[in-house]
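> Next up, run04.txt (compact mmCIF, C-alpha atoms).
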# COMPACT_ATOMS: atom_id res chain seq x y z
CA MET A 1 -2.55 -114.02 66.25
CA GLY A 2 -5.49 -116.08 67.52
CA PHE A 3 -9.06 -116.10 66.32
CA PRO A 4 -10.82 -112.76 67.07
CA ASP A 5 -13.34 -113.81 69.72
CA GLU A 6 -14.20 -110.52 71.47
CA PRO A 7 -17.10 -108.36 70.16
CA SER A 8 -15.81 -104.95 69.08
CA ALA A 9 -19.14 -103.33 68.09
CA HIS A 10 -22.89 -103.92 67.98
CA LEU A 11 -25.08 -102.69 65.11
CA LEU A 12 -28.61 -101.92 66.30
CA GLY A 13 -31.78 -100.86 64.51
CA ALA A 14 -33.36 -103.98 63.00
CA ASN A 15 -36.85 -104.90 64.24
CA GLY A 16 -36.50 -108.60 63.57
CA PRO A 17 -33.96 -111.30 62.74
CA VAL A 18 -31.08 -110.35 60.42
CA HIS A 19 -30.89 -112.71 57.42
CA ALA A 20 -28.05 -111.18 55.39
CA VAL A 21 -24.86 -109.22 56.03
CA ALA A 22 -22.32 -107.91 53.52
CA TYR A 23 -19.24 -105.68 53.62
CA SER A 24 -18.72 -102.88 51.15
CA ALA A 25 -16.04 -103.61 48.54
CA SER A 26 -12.39 -103.08 49.48
CA PRO A 27 -11.39 -101.60 51.94
CA GLY A 28 -14.67 -102.79 53.49
CA THR A 29 -15.40 -99.77 55.68
CA TYR A 30 -19.17 -100.25 55.79
CA ILE A 31 -21.57 -103.10 56.57
CA LEU A 32 -24.96 -103.71 54.92
CA THR A 33 -27.59 -105.75 56.75
CA GLY A 34 -30.85 -107.23 55.47
CA SER A 35 -33.57 -108.02 57.95
CA ALA A 36 -36.95 -109.70 58.44
CA ASP A 37 -38.40 -106.21 58.97
CA ARG A 38 -38.07 -105.72 55.16
CA SER A 39 -35.36 -103.08 55.48
CA ILE A 40 -31.70 -102.88 54.51
CA ARG A 41 -29.40 -100.82 56.71
CA LEU A 42 -25.98 -99.33 56.05
CA TYR A 43 -23.63 -99.00 59.03
CA ASN A 44 -20.17 -97.78 59.83
CA PRO A 45 -19.04 -100.19 62.57
CA PHE A 46 -16.57 -97.62 63.89
CA PRO A 47 -18.19 -96.39 67.13
CA GLN A 48 -20.13 -93.16 67.44
CA THR A 49 -18.20 -90.17 68.64
CA SER A 50 -19.19 -89.04 72.10
CA ILE A 51 -21.84 -86.36 72.40
CA PRO A 52 -20.82 -83.29 74.47
CA GLY A 53 -22.44 -83.28 77.90
CA GLU A 54 -22.87 -87.04 78.04
CA LYS A 55 -19.67 -87.73 79.88
CA THR A 56 -21.50 -88.59 83.10
CA LYS A 57 -22.97 -91.77 81.63
CA GLN A 58 -20.98 -94.95 81.83
CA LYS A 59 -19.42 -95.95 78.55
CA PRO A 60 -20.85 -99.23 77.19
CA SER A 61 -18.34 -102.05 77.26
CA VAL A 62 -18.98 -102.79 73.57
CA PRO A 63 -19.52 -99.66 71.45
CA GLN A 64 -22.35 -99.26 68.96
CA GLY A 65 -21.70 -98.66 65.28
CA ARG A 66 -23.33 -95.80 63.41
CA LEU A 67 -26.47 -96.29 61.31
CA ILE A 68 -25.94 -94.24 58.15
CA GLN A 69 -28.87 -95.07 55.88
CA THR A 70 -31.97 -97.27 55.71
CA TYR A 71 -33.19 -98.68 52.39
CA ALA A 72 -36.84 -99.76 52.08
CA ALA A 73 -38.57 -101.24 49.03
CA HIS A 74 -39.07 -104.93 49.78
CA GLY A 75 -42.53 -106.17 50.72
CA TYR A 76 -41.21 -109.19 52.61
CA GLU A 77 -38.05 -110.15 54.46
CA VAL A 78 -34.66 -109.41 52.89
CA LEU A 79 -32.72 -112.66 52.43
CA SER A 80 -29.60 -111.78 50.43
CA LEU A 81 -27.33 -108.83 49.62
CA ALA A 82 -24.38 -108.23 47.31
CA VAL A 83 -22.30 -105.07 46.83
CA ALA A 84 -20.81 -103.96 43.49
CA ALA A 85 -17.04 -103.49 43.23
CA ASP A 86 -17.44 -99.71 42.77
CA ASN A 87 -19.45 -99.45 46.06
CA GLU A 88 -22.01 -97.30 44.25
CA ARG A 89 -24.65 -100.00 43.84
CA PHE A 90 -25.88 -103.06 45.65
CA VAL A 91 -28.44 -105.75 44.90
CA SER A 92 -30.96 -107.38 47.23
CA GLY A 93 -33.38 -110.30 47.06
CA GLY A 94 -35.99 -111.65 49.39
CA GLY A 95 -39.37 -113.10 50.18
CA ASP A 96 -41.31 -110.92 47.75
CA ARG A 97 -39.78 -112.75 44.73
CA ALA A 98 -38.17 -109.53 43.49
CA VAL A 99 -34.53 -108.58 43.00
CA PHE A 100 -33.76 -104.88 43.48
CA LEU A 101 -30.77 -102.92 42.21
CA TRP A 102 -30.06 -99.95 44.48
CA ASP A 103 -28.13 -96.71 44.23
CA VAL A 104 -26.21 -96.38 47.51
CA ALA A 105 -26.03 -92.58 47.64
CA THR A 106 -29.65 -91.74 46.79
CA ALA A 107 -31.17 -94.81 48.54
CA VAL A 108 -33.50 -95.50 45.61
CA THR A 109 -33.99 -98.63 43.54
CA THR A 110 -32.81 -98.15 39.97
CA ARG A 111 -34.05 -101.52 38.67
CA ARG A 112 -36.44 -104.24 39.72
CA PHE A 113 -35.93 -107.70 38.28
CA GLY A 114 -38.80 -110.13 38.55
CA GLY A 115 -42.11 -109.67 40.26
CA ASN A 116 -43.67 -110.60 36.90
CA ALA A 117 -44.19 -113.74 34.79
CA GLN A 118 -40.50 -113.72 33.76
CA GLY A 119 -39.23 -113.49 37.32
CA HIS A 120 -38.87 -115.93 40.18
CA SER A 121 -42.13 -117.59 41.22
CA ALA A 122 -41.08 -117.94 44.87
CA ARG A 123 -38.72 -116.27 47.32
CA VAL A 124 -35.23 -115.29 46.22
CA ASN A 125 -32.60 -116.91 48.45
CA CYS A 126 -29.36 -115.53 47.01
CA VAL A 127 -28.10 -112.73 44.75
CA SER A 128 -24.74 -111.78 43.29
CA PHE A 129 -23.13 -109.44 40.75
CA ALA A 130 -21.42 -110.85 37.67
CA GLY A 131 -19.93 -109.83 34.32
CA ASP A 132 -17.64 -107.00 33.28
CA GLY A 133 -18.21 -103.94 35.44
CA ASP A 134 -20.81 -105.85 37.46
CA SER A 135 -23.23 -105.42 34.56
CA LEU A 136 -25.11 -108.64 35.35
CA VAL A 137 -27.08 -109.73 38.40
CA VAL A 138 -27.50 -113.43 39.22
CA SER A 139 -30.32 -114.63 41.48
CA GLY A 140 -31.24 -118.06 42.82
CA GLY A 141 -34.54 -118.99 44.37
CA PHE A 142 -36.93 -121.37 46.02
CA ASP A 143 -38.42 -122.01 42.55
CA THR A 144 -35.26 -124.11 41.74
CA THR A 145 -33.96 -121.65 39.08
CA VAL A 146 -30.92 -119.42 38.72
CA ARG A 147 -31.65 -116.33 36.63
CA LEU A 148 -29.19 -113.92 35.00
CA TRP A 149 -30.30 -110.31 34.53
CA ASP A 150 -28.69 -107.55 32.46
CA THR A 151 -28.57 -104.30 34.46
CA ARG A 152 -28.03 -102.24 31.29
CA SER A 153 -30.98 -103.65 29.40
CA THR A 154 -34.52 -102.31 29.77
CA SER A 155 -36.04 -105.74 29.16
CA PHE A 156 -38.03 -107.40 31.93
CA LYS A 157 -36.83 -110.83 30.88
CA PRO A 158 -33.75 -112.58 32.28
CA ILE A 159 -31.03 -113.14 29.67
CA GLN A 160 -30.63 -116.73 30.86
CA VAL A 161 -32.46 -119.19 33.13
CA LEU A 162 -30.55 -122.17 34.57
CA ASP A 163 -33.13 -124.69 35.71
CA ASP A 164 -31.17 -127.90 36.33
CA ALA A 165 -31.76 -127.95 40.11
CA ARG A 166 -34.50 -130.26 41.34
CA ASP A 167 -35.07 -128.32 44.56
CA ALA A 168 -34.57 -124.82 45.96
CA VAL A 169 -31.34 -122.97 45.11
CA THR A 170 -29.88 -121.77 48.42
CA SER A 171 -26.47 -120.32 47.60
CA LEU A 172 -24.54 -118.69 44.76
CA VAL A 173 -20.94 -117.80 44.02
CA VAL A 174 -19.78 -116.03 40.87
CA ARG A 175 -16.18 -116.12 39.65
CA GLY A 176 -15.41 -114.73 36.18
CA PRO A 177 -17.61 -116.57 33.66
CA GLU A 178 -18.52 -119.22 36.25
CA VAL A 179 -21.75 -119.33 38.24
CA VAL A 180 -21.72 -121.88 41.06
CA ALA A 181 -25.08 -122.76 42.64
CA GLY A 182 -25.86 -124.95 45.66
CA SER A 183 -29.26 -126.58 46.03
CA VAL A 184 -31.38 -128.47 48.54
CA ASP A 185 -31.25 -131.40 46.09
CA GLY A 186 -27.75 -132.10 47.46
CA ARG A 187 -25.79 -130.91 44.47
CA VAL A 188 -23.44 -128.07 43.60
CA ARG A 189 -23.60 -127.07 39.93
CA SER A 190 -20.80 -125.05 38.32
CA TYR A 191 -21.91 -123.36 35.11
CA ASP A 192 -19.39 -121.99 32.65
CA VAL A 193 -21.71 -119.48 31.01
CA ARG A 194 -19.34 -118.79 28.08
CA MET A 195 -18.78 -122.44 27.20
CA GLY A 196 -22.31 -123.57 28.02
CA GLN A 197 -21.04 -126.33 30.31
CA CYS A 198 -22.35 -127.53 33.66
CA THR A 199 -20.29 -129.59 36.13
CA THR A 200 -22.23 -131.23 38.97
CA ASP A 201 -20.74 -132.21 42.33
CA VAL A 202 -22.94 -134.57 44.35
CA ILE A 203 -22.69 -133.72 48.06
CA GLY A 204 -25.63 -135.82 49.25
CA ALA A 205 -26.93 -133.61 52.04
CA SER A 206 -28.95 -130.50 51.19
CA VAL A 207 -26.51 -127.71 50.36
CA THR A 208 -27.14 -124.46 52.26
CA SER A 209 -23.90 -122.51 51.88
CA LEU A 210 -21.06 -122.01 49.40
CA CYS A 211 -17.75 -120.16 49.63
CA LEU A 212 -14.87 -120.31 47.12
CA THR A 213 -11.20 -119.98 47.94
CA ARG A 214 -9.47 -116.99 46.37
CA ASP A 215 -7.74 -119.12 43.70
CA GLY A 216 -11.09 -120.74 42.84
CA ARG A 217 -9.69 -124.28 43.09
CA ALA A 218 -11.52 -125.32 46.24
CA MET A 219 -14.91 -124.52 47.71
CA LEU A 220 -16.39 -124.74 51.19
CA VAL A 221 -19.79 -126.44 51.08
CA GLY A 222 -22.21 -126.34 54.02
CA GLY A 223 -24.93 -129.01 54.20
CA LEU A 224 -27.75 -130.19 56.43
CA ASP A 225 -25.83 -133.19 57.78
CA SER A 226 -23.87 -131.21 60.41
CA LYS A 227 -20.74 -131.21 58.23
CA LEU A 228 -18.79 -128.63 56.28
CA ARG A 229 -16.72 -129.92 53.37
CA LEU A 230 -13.79 -128.40 51.53
CA MET A 231 -14.15 -129.74 47.99
CA ASP A 232 -11.47 -129.89 45.29
CA ARG A 233 -13.03 -128.23 42.24
CA ASP A 234 -10.67 -129.92 39.78
CA ASN A 235 -11.59 -133.51 40.57
CA GLY A 236 -14.57 -133.26 42.94
CA SER A 237 -12.85 -134.95 45.89
CA CYS A 238 -13.42 -133.91 49.49
CA LEU A 239 -10.17 -132.41 50.81
CA ARG A 240 -11.28 -131.97 54.40
CA ALA A 241 -14.48 -132.21 56.48
CA TYR A 242 -15.26 -130.04 59.49
CA SER A 243 -17.61 -131.16 62.23
CA ASP A 244 -17.98 -131.57 65.97
CA PRO A 245 -20.23 -133.82 68.08
CA ALA A 246 -21.74 -130.73 69.72
CA TRP A 247 -22.27 -128.78 66.48
CA LYS A 248 -25.60 -129.43 64.75
CA ASN A 249 -26.89 -128.13 61.43
CA GLU A 250 -29.80 -130.24 60.23
CA GLU A 251 -32.70 -127.83 59.74
CA LEU A 252 -31.71 -124.22 59.17
CA ARG A 253 -29.78 -122.46 56.46
CA LEU A 254 -26.61 -121.45 58.30
CA GLN A 255 -23.95 -119.63 56.34
CA SER A 256 -20.35 -120.82 56.56
CA ILE A 257 -17.39 -118.80 55.30
CA LEU A 258 -13.60 -118.78 55.00
CA GLY A 259 -11.77 -116.09 56.97
CA GLY A 260 -8.48 -114.94 58.44
CA LYS A 261 -6.73 -115.10 55.04
CA GLU A 262 -8.18 -118.58 54.47
CA LYS A 263 -6.86 -119.83 57.77
CA TYR A 264 -10.27 -120.47 59.35
CA VAL A 265 -13.60 -122.07 58.49
CA ILE A 266 -16.44 -120.33 60.38
CA ALA A 267 -20.09 -121.32 60.85
CA GLY A 268 -23.10 -120.41 63.00
CA ASP A 269 -25.05 -122.71 65.29
CA GLU A 270 -28.69 -123.88 65.37
CA MET A 271 -28.59 -123.81 69.19
CA VAL A 272 -30.51 -127.05 69.65
CA GLY A 273 -30.44 -128.74 73.05
CA GLU A 274 -29.92 -126.74 76.18
CA PRO A 275 -30.55 -123.02 75.57
CA ALA A 276 -27.60 -120.82 76.41
CA ALA A 277 -27.75 -118.25 79.17
CA ASN A 278 -29.20 -114.83 78.23
CA GLY A 279 -30.16 -116.02 74.74
CA GLN A 280 -26.57 -116.18 73.54
CA GLY A 281 -25.67 -117.61 70.15
CA ARG A 282 -22.48 -119.35 69.06
CA ILE A 283 -20.04 -119.39 66.19
CA TRP A 284 -17.55 -122.17 65.54
CA ALA A 285 -14.15 -121.87 63.91
CA TRP A 286 -11.99 -124.68 62.55
CA ASP A 287 -8.46 -124.64 61.18
CA LEU A 288 -8.77 -124.94 57.39
CA LEU A 289 -5.78 -127.24 56.92
CA THR A 290 -5.97 -129.54 59.94
CA GLY A 291 -9.74 -129.57 60.49
CA GLN A 292 -9.18 -129.02 64.23
CA LEU A 293 -11.65 -126.88 66.18
CA VAL A 294 -9.90 -123.57 66.94
CA ALA A 295 -12.58 -121.56 68.71
CA LYS A 296 -16.13 -121.69 69.99
CA VAL A 297 -17.26 -118.10 70.45
CA SER A 298 -20.36 -116.93 72.33
CA VAL A 299 -22.32 -114.19 70.58
CA PRO A 300 -24.45 -112.08 72.94
CA TRP A 301 -28.14 -111.50 72.23
CA GLY A 302 -27.22 -107.82 72.12
CA PRO A 303 -25.58 -105.08 74.18
CA GLN A 304 -26.05 -105.10 77.94
CA GLY A 305 -29.64 -104.25 78.78
CA PHE A 306 -30.86 -105.06 75.26
CA GLU A 307 -33.79 -107.43 75.76
CA SER A 308 -36.02 -109.19 73.29
CA LYS A 309 -39.20 -107.12 72.90
CA LYS A 310 -41.38 -110.04 71.85
CA LYS A 311 -41.75 -113.02 74.09
CA ALA A 312 -41.79 -116.31 72.20
CA VAL A 313 -44.61 -118.62 73.25
CA GLY A 314 -44.52 -122.32 72.43
CA ARG A 315 -47.44 -124.50 71.38
CA ASP A 316 -48.02 -125.48 74.99
CA GLY A 317 -48.63 -121.83 75.87
CA LYS A 318 -45.45 -121.57 77.91
CA GLU A 319 -42.80 -119.01 77.21
CA LYS A 320 -39.90 -120.34 75.16
CA THR A 321 -36.33 -119.43 75.88
CA ARG A 322 -34.90 -117.82 72.78
CA SER A 323 -31.42 -118.28 71.45
CA ASN A 324 -29.55 -116.06 69.06
CA VAL A 325 -29.24 -118.42 66.07
CA ILE A 326 -26.36 -117.01 63.99
CA SER A 327 -27.39 -117.66 60.38
CA CYS A 328 -25.42 -115.09 58.36
CA MET A 329 -21.87 -113.80 58.46
CA ALA A 330 -19.37 -111.88 56.37
CA TRP A 331 -15.61 -111.33 56.62
CA ARG A 332 -14.11 -108.06 55.48
CA GLU A 333 -12.36 -108.08 52.08
CA ASN A 334 -13.77 -111.51 51.22
CA GLY A 335 -12.01 -113.24 54.10
CA TRP A 336 -8.71 -111.37 53.84
CA GLY A 337 -9.44 -108.42 56.13
CA ASP A 338 -9.08 -108.10 59.91
CA GLN A 339 -12.75 -108.00 60.87
CA PHE A 340 -15.93 -110.03 60.52
CA CYS A 341 -19.59 -109.62 61.49
CA VAL A 342 -22.42 -112.03 62.29
CA GLY A 343 -26.20 -111.67 62.39
CA GLY A 344 -29.09 -113.79 63.55
CA THR A 345 -32.35 -114.09 65.47
CA SER A 346 -31.80 -111.21 67.87
CA GLY A 347 -31.61 -108.60 65.09
CA VAL A 348 -28.33 -107.26 66.47
CA VAL A 349 -25.27 -107.59 64.24
CA THR A 350 -22.11 -108.25 66.24
CA VAL A 351 -18.73 -107.18 64.84
CA PHE A 352 -15.50 -108.97 65.82
CA GLY A 353 -11.89 -107.97 65.17
CA GLU A 354 -10.19 -104.64 64.48
CA LEU A 355 -12.36 -101.55 64.07
Mind converting the file's structure to C-alpha cells?

Amino acid sequence: MGFPDEPSAHLLGANGPVHAVAYSASPGTYILTGSADRSIRLYNPFPQTSIPGEKTKQKPSVPQGRLIQTYAAHGYEVLSLAVAADNERFVSGGGDRAVFLWDVATAVTTRRFGGNAQGHSARVNCVSFAGDGDSLVVSGGFDTTVRLWDTRSTSFKPIQVLDDARDAVTSLVVRGPEVVAGSVDGRVRSYDVRMGQCTTDVIGASVTSLCLTRDGRAMLVGGLDSKLRLMDRDNGSCLRAYSDPAWKNEELRLQSILGGKEKYVIAGDEMVGEPAANGQGRIWAWDLLTGQLVAKVSVPWGPQGFESKKKAVGRDGKEKTRSNVISCMAWRENGWGDQFCVGGTSGVVTVFGEL
C-alpha cells in the first residue's frame, strides 16, 4: 500500500490558522484541533449523514467531518494539545501562558496551571500527559523551562521545574519516567525524572519538533536547517537524515512525525519561493529506512469554493498570495493507524487515509 495522498475529509470551523491537532486515544475516532482563534474543537472526521430533502445538491468531492464540541477558555492562540489515555480529559497550552486541563464531556476546565508567579512567564509551546494514570502534566515554553504539574494536587506550584535550556522549549515527548525536550538552543535533553539524570544531544540547528519511535530507542528530530534527523538514543549518533533541495524549513516551527507503522517520515512545508496555485500547501514523506522521498502531497487551502476571508496585504500595499503552510500534523494511534490529519494557515484541517 502506498502513501495515502488523497484527502478523505475536511474539518471546518476555525477562524484562523490551526496550530495543533491531536487524535483521541486508541482507537482514535476523534480529532482535536487548536486554533489561533483561541478555541479548541472536537471533530468526528467521518462525514456528516445526508439531510433529507438535500438530495438535489451536488455532493462535495471531499466530505466534511462533523464538529461535535467547541472548547473556549484561552485568551490567546492555542499552540499545543494532548489527550489522556482514558479519553476523558485533555490538556492545552498557548499564548496566554496558561495550561488548562479539560473535561471532554462537560467542556469545562477542571484545572488551570500557571497564569501566576509560579507558572510560565511566556507562551506555552508544548504540553503532554505523564505519570501513572496521566496524573501529571508537563509543559514547555518560550521562557526556556519545562514544568511538571500534579493534576491531583490543589497547589498552584509546579512539582518540578527543569530549566537547563538556554532558549525556548519547542517540543516535548514523554515516555515512562522520561521527559524529552527540544529547544531552540539546538539541543535535545532527555530527563530521567526518577533518577535525576539529564542526557543532552547536541543537534546544532534549532530544534522545532520531536517524535519517538515506539520502542523509544530512536527519535525523529526536526530542526531549522531544512533537515530531519533520526537519532539513536543509546549512543547519540545520527542514523539517517531526511532532506530535499526543494524542501525548506529555516524559519517556522513545522511539526514532523513518524507514520504508517513507522514506515514514513512526514513533514510540512514553509512554502517559500513560488506560491502554489490556489493557496495550496504541501506535505513531504520520506521512507524511514532508506531516506528516499516517497511522496510530495498537495494540501488544498480548503474544500472547493472555500476562500480566504481576509486578504493578506504586504508592506508595499499590494495583496500577497497566501499559501497553506502546514505546521501541525497527527497520525492516528501514534503513527500506527490508517489515517492522519494536517493543519495550517488556512484554518481547515485536512484528513488523509481511511475514514
> Leaving out Arg187 in chain A and any residue of its chain fewer than 2 positions from it, which residues lie within 12 Å of it when counting only C-alpha atoms, given as a PyMOL selection string?
chain A and resi 144+164-171+180-185+189-190+198-210+221-223+236
> Could those selected residues go to a file with C-alpha atoms, as a PDB file, keeping the file's coordinate frame?

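Final file, result-v1.pdb:
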ATOM      1  CA  THR A 144     -35.260-124.110  41.740  1.00  0.00           C
ATOM      2  CA  ASP A 164     -31.170-127.900  36.330  1.00  0.00           C
ATOM      3  CA  ALA A 165     -31.760-127.950  40.110  1.00  0.00           C
ATOM      4  CA  ARG A 166     -34.500-130.260  41.340  1.00  0.00           C
ATOM      5  CA  ASP A 167     -35.070-128.320  44.560  1.00  0.00           C
ATOM      6  CA  ALA A 168     -34.570-124.820  45.960  1.00  0.00           C
ATOM      7  CA  VAL A 169     -31.340-122.970  45.110  1.00  0.00           C
ATOM      8  CA  THR A 170     -29.880-121.770  48.420  1.00  0.00           C
ATOM      9  CA  SER A 171     -26.470-120.320  47.600  1.00  0.00           C
ATOM     10  CA  VAL A 180     -21.720-121.880  41.060  1.00  0.00           C
ATOM     11  CA  ALA A 181     -25.080-122.760  42.640  1.00  0.00           C
ATOM     12  CA  GLY A 182     -25.860-124.950  45.660  1.00  0.00           C
ATOM     13  CA  SER A 183     -29.260-126.580  46.030  1.00  0.00           C
ATOM     14  CA  VAL A 184     -31.380-128.470  48.540  1.00  0.00           C
ATOM     15  CA  ASP A 185     -31.250-131.400  46.090  1.00  0.00           C
ATOM     16  CA  ARG A 189     -23.600-127.070  39.930  1.00  0.00           C
ATOM     17  CA  SER A 190     -20.800-125.050  38.320  1.00  0.00           C
ATOM     18  CA  CYS A 198     -22.350-127.530  33.660  1.00  0.00           C
ATOM     19  CA  THR A 199     -20.290-129.590  36.130  1.00  0.00           C
ATOM     20  CA  THR A 200     -22.230-131.230  38.970  1.00  0.00           C
ATOM     21  CA  ASP A 201     -20.740-132.210  42.330  1.00  0.00           C
ATOM     22  CA  VAL A 202     -22.940-134.570  44.350  1.00  0.00           C
ATOM     23  CA  ILE A 203     -22.690-133.720  48.060  1.00  0.00           C
ATOM     24  CA  GLY A 204     -25.630-135.820  49.250  1.00  0.00           C
ATOM     25  CA  ALA A 205     -26.930-133.610  52.040  1.00  0.00           C
ATOM     26  CA  SER A 206     -28.950-130.500  51.190  1.00  0.00           C
ATOM     27  CA  VAL A 207     -26.510-127.710  50.360  1.00  0.00           C
ATOM     28  CA  THR A 208     -27.140-124.460  52.260  1.00  0.00           C
ATOM     29  CA  SER A 209     -23.900-122.510  51.880  1.00  0.00           C
ATOM     30  CA  LEU A 210     -21.060-122.010  49.400  1.00  0.00           C
ATOM     31  CA  VAL A 221     -19.790-126.440  51.080  1.00  0.00           C
ATOM     32  CA  GLY A 222     -22.210-126.340  54.020  1.00  0.00           C
ATOM     33  CA  GLY A 223     -24.930-129.010  54.200  1.00  0.00           C
ATOM     34  CA  GLY A 236     -14.570-133.260  42.940  1.00  0.00           C
TER      35      GLY A 236
END
> Which residues are near Ser26 in chain A? Cut-off 12 Å, all atoms listed in the file, ignore same chain within fewer than 3 positions. Put them as a short mmCIF file (atom, residue, chain, number, x, y, z; two decimals) with C-alpha atoms, keeping the file's coordinate frame.

data_model
loop_
_atom_site.label_atom_id
_atom_site.label_comp_id
_atom_site.auth_asym_id
_atom_site.auth_seq_id
_atom_site.Cartn_x
_atom_site.Cartn_y
_atom_site.Cartn_z
CA ALA A 22 -22.32 -107.91 53.52
CA TYR A 23 -19.24 -105.68 53.62
CA THR A 29 -15.40 -99.77 55.68
CA TYR A 30 -19.17 -100.25 55.79
CA ILE A 31 -21.57 -103.10 56.57
CA VAL A 83 -22.30 -105.07 46.83
CA ALA A 84 -20.81 -103.96 43.49
CA ALA A 85 -17.04 -103.49 43.23
CA ASP A 86 -17.44 -99.71 42.77
CA ASN A 87 -19.45 -99.45 46.06
CA TRP A 331 -15.61 -111.33 56.62
CA ARG A 332 -14.11 -108.06 55.48
CA GLU A 333 -12.36 -108.08 52.08
CA ASN A 334 -13.77 -111.51 51.22
CA GLY A 335 -12.01 -113.24 54.10
CA TRP A 336 -8.71 -111.37 53.84
CA GLY A 337 -9.44 -108.42 56.13
#
> Go through A:Leu67, A:Ala25, A:Ala285, A:Ala82 and flag the residue nearest Tyr264 in chain A, using all atoms listed in the file for the distances.
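Of all the options, A:Ala285 lies closest to Tyr264 in chain A.
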> Could you tell me which of A:Leu42, A:Ala218, A:Val18, A:Leu12 comes closest to Gly343 in chain A if we count all atoms listed in the file?
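Distance minimum relative to Gly343 in chain A lands on A:Val18.
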> Could you tell me, as a list in words, which residues have any atom at most 9 Å from (-28.8, -116.6, 43.5), counting only C-alpha atoms?
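Residues lying no farther than 9 Å from the given point: Ser80, Gly93, Val124, Asn125, Cys126, Val127, Ser128, Val137, Val138, Ser139, Gly140, Gly141, Thr145, Val146, Arg147, Leu148, Val169, Thr170, Ser171, Leu172, Val173 and Ala181 of chain A.
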> Counting all atoms listed in the file, what is within 6 Å of Gly281 in chain A, bar same-chain residues fewer than 4 positions away, as a PDB file with C-alpha atoms, in the coordinates of the input?

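Output file out.pdb is given in full below:
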ATOM      1  CA  SER A 298     -20.360-116.930  72.330  1.00  0.00           C
ATOM      2  CA  VAL A 299     -22.320-114.190  70.580  1.00  0.00           C
ATOM      3  CA  SER A 323     -31.420-118.280  71.450  1.00  0.00           C
ATOM      4  CA  ASN A 324     -29.550-116.060  69.060  1.00  0.00           C
ATOM      5  CA  VAL A 325     -29.240-118.420  66.070  1.00  0.00           C
TER       6      VAL A 325
END
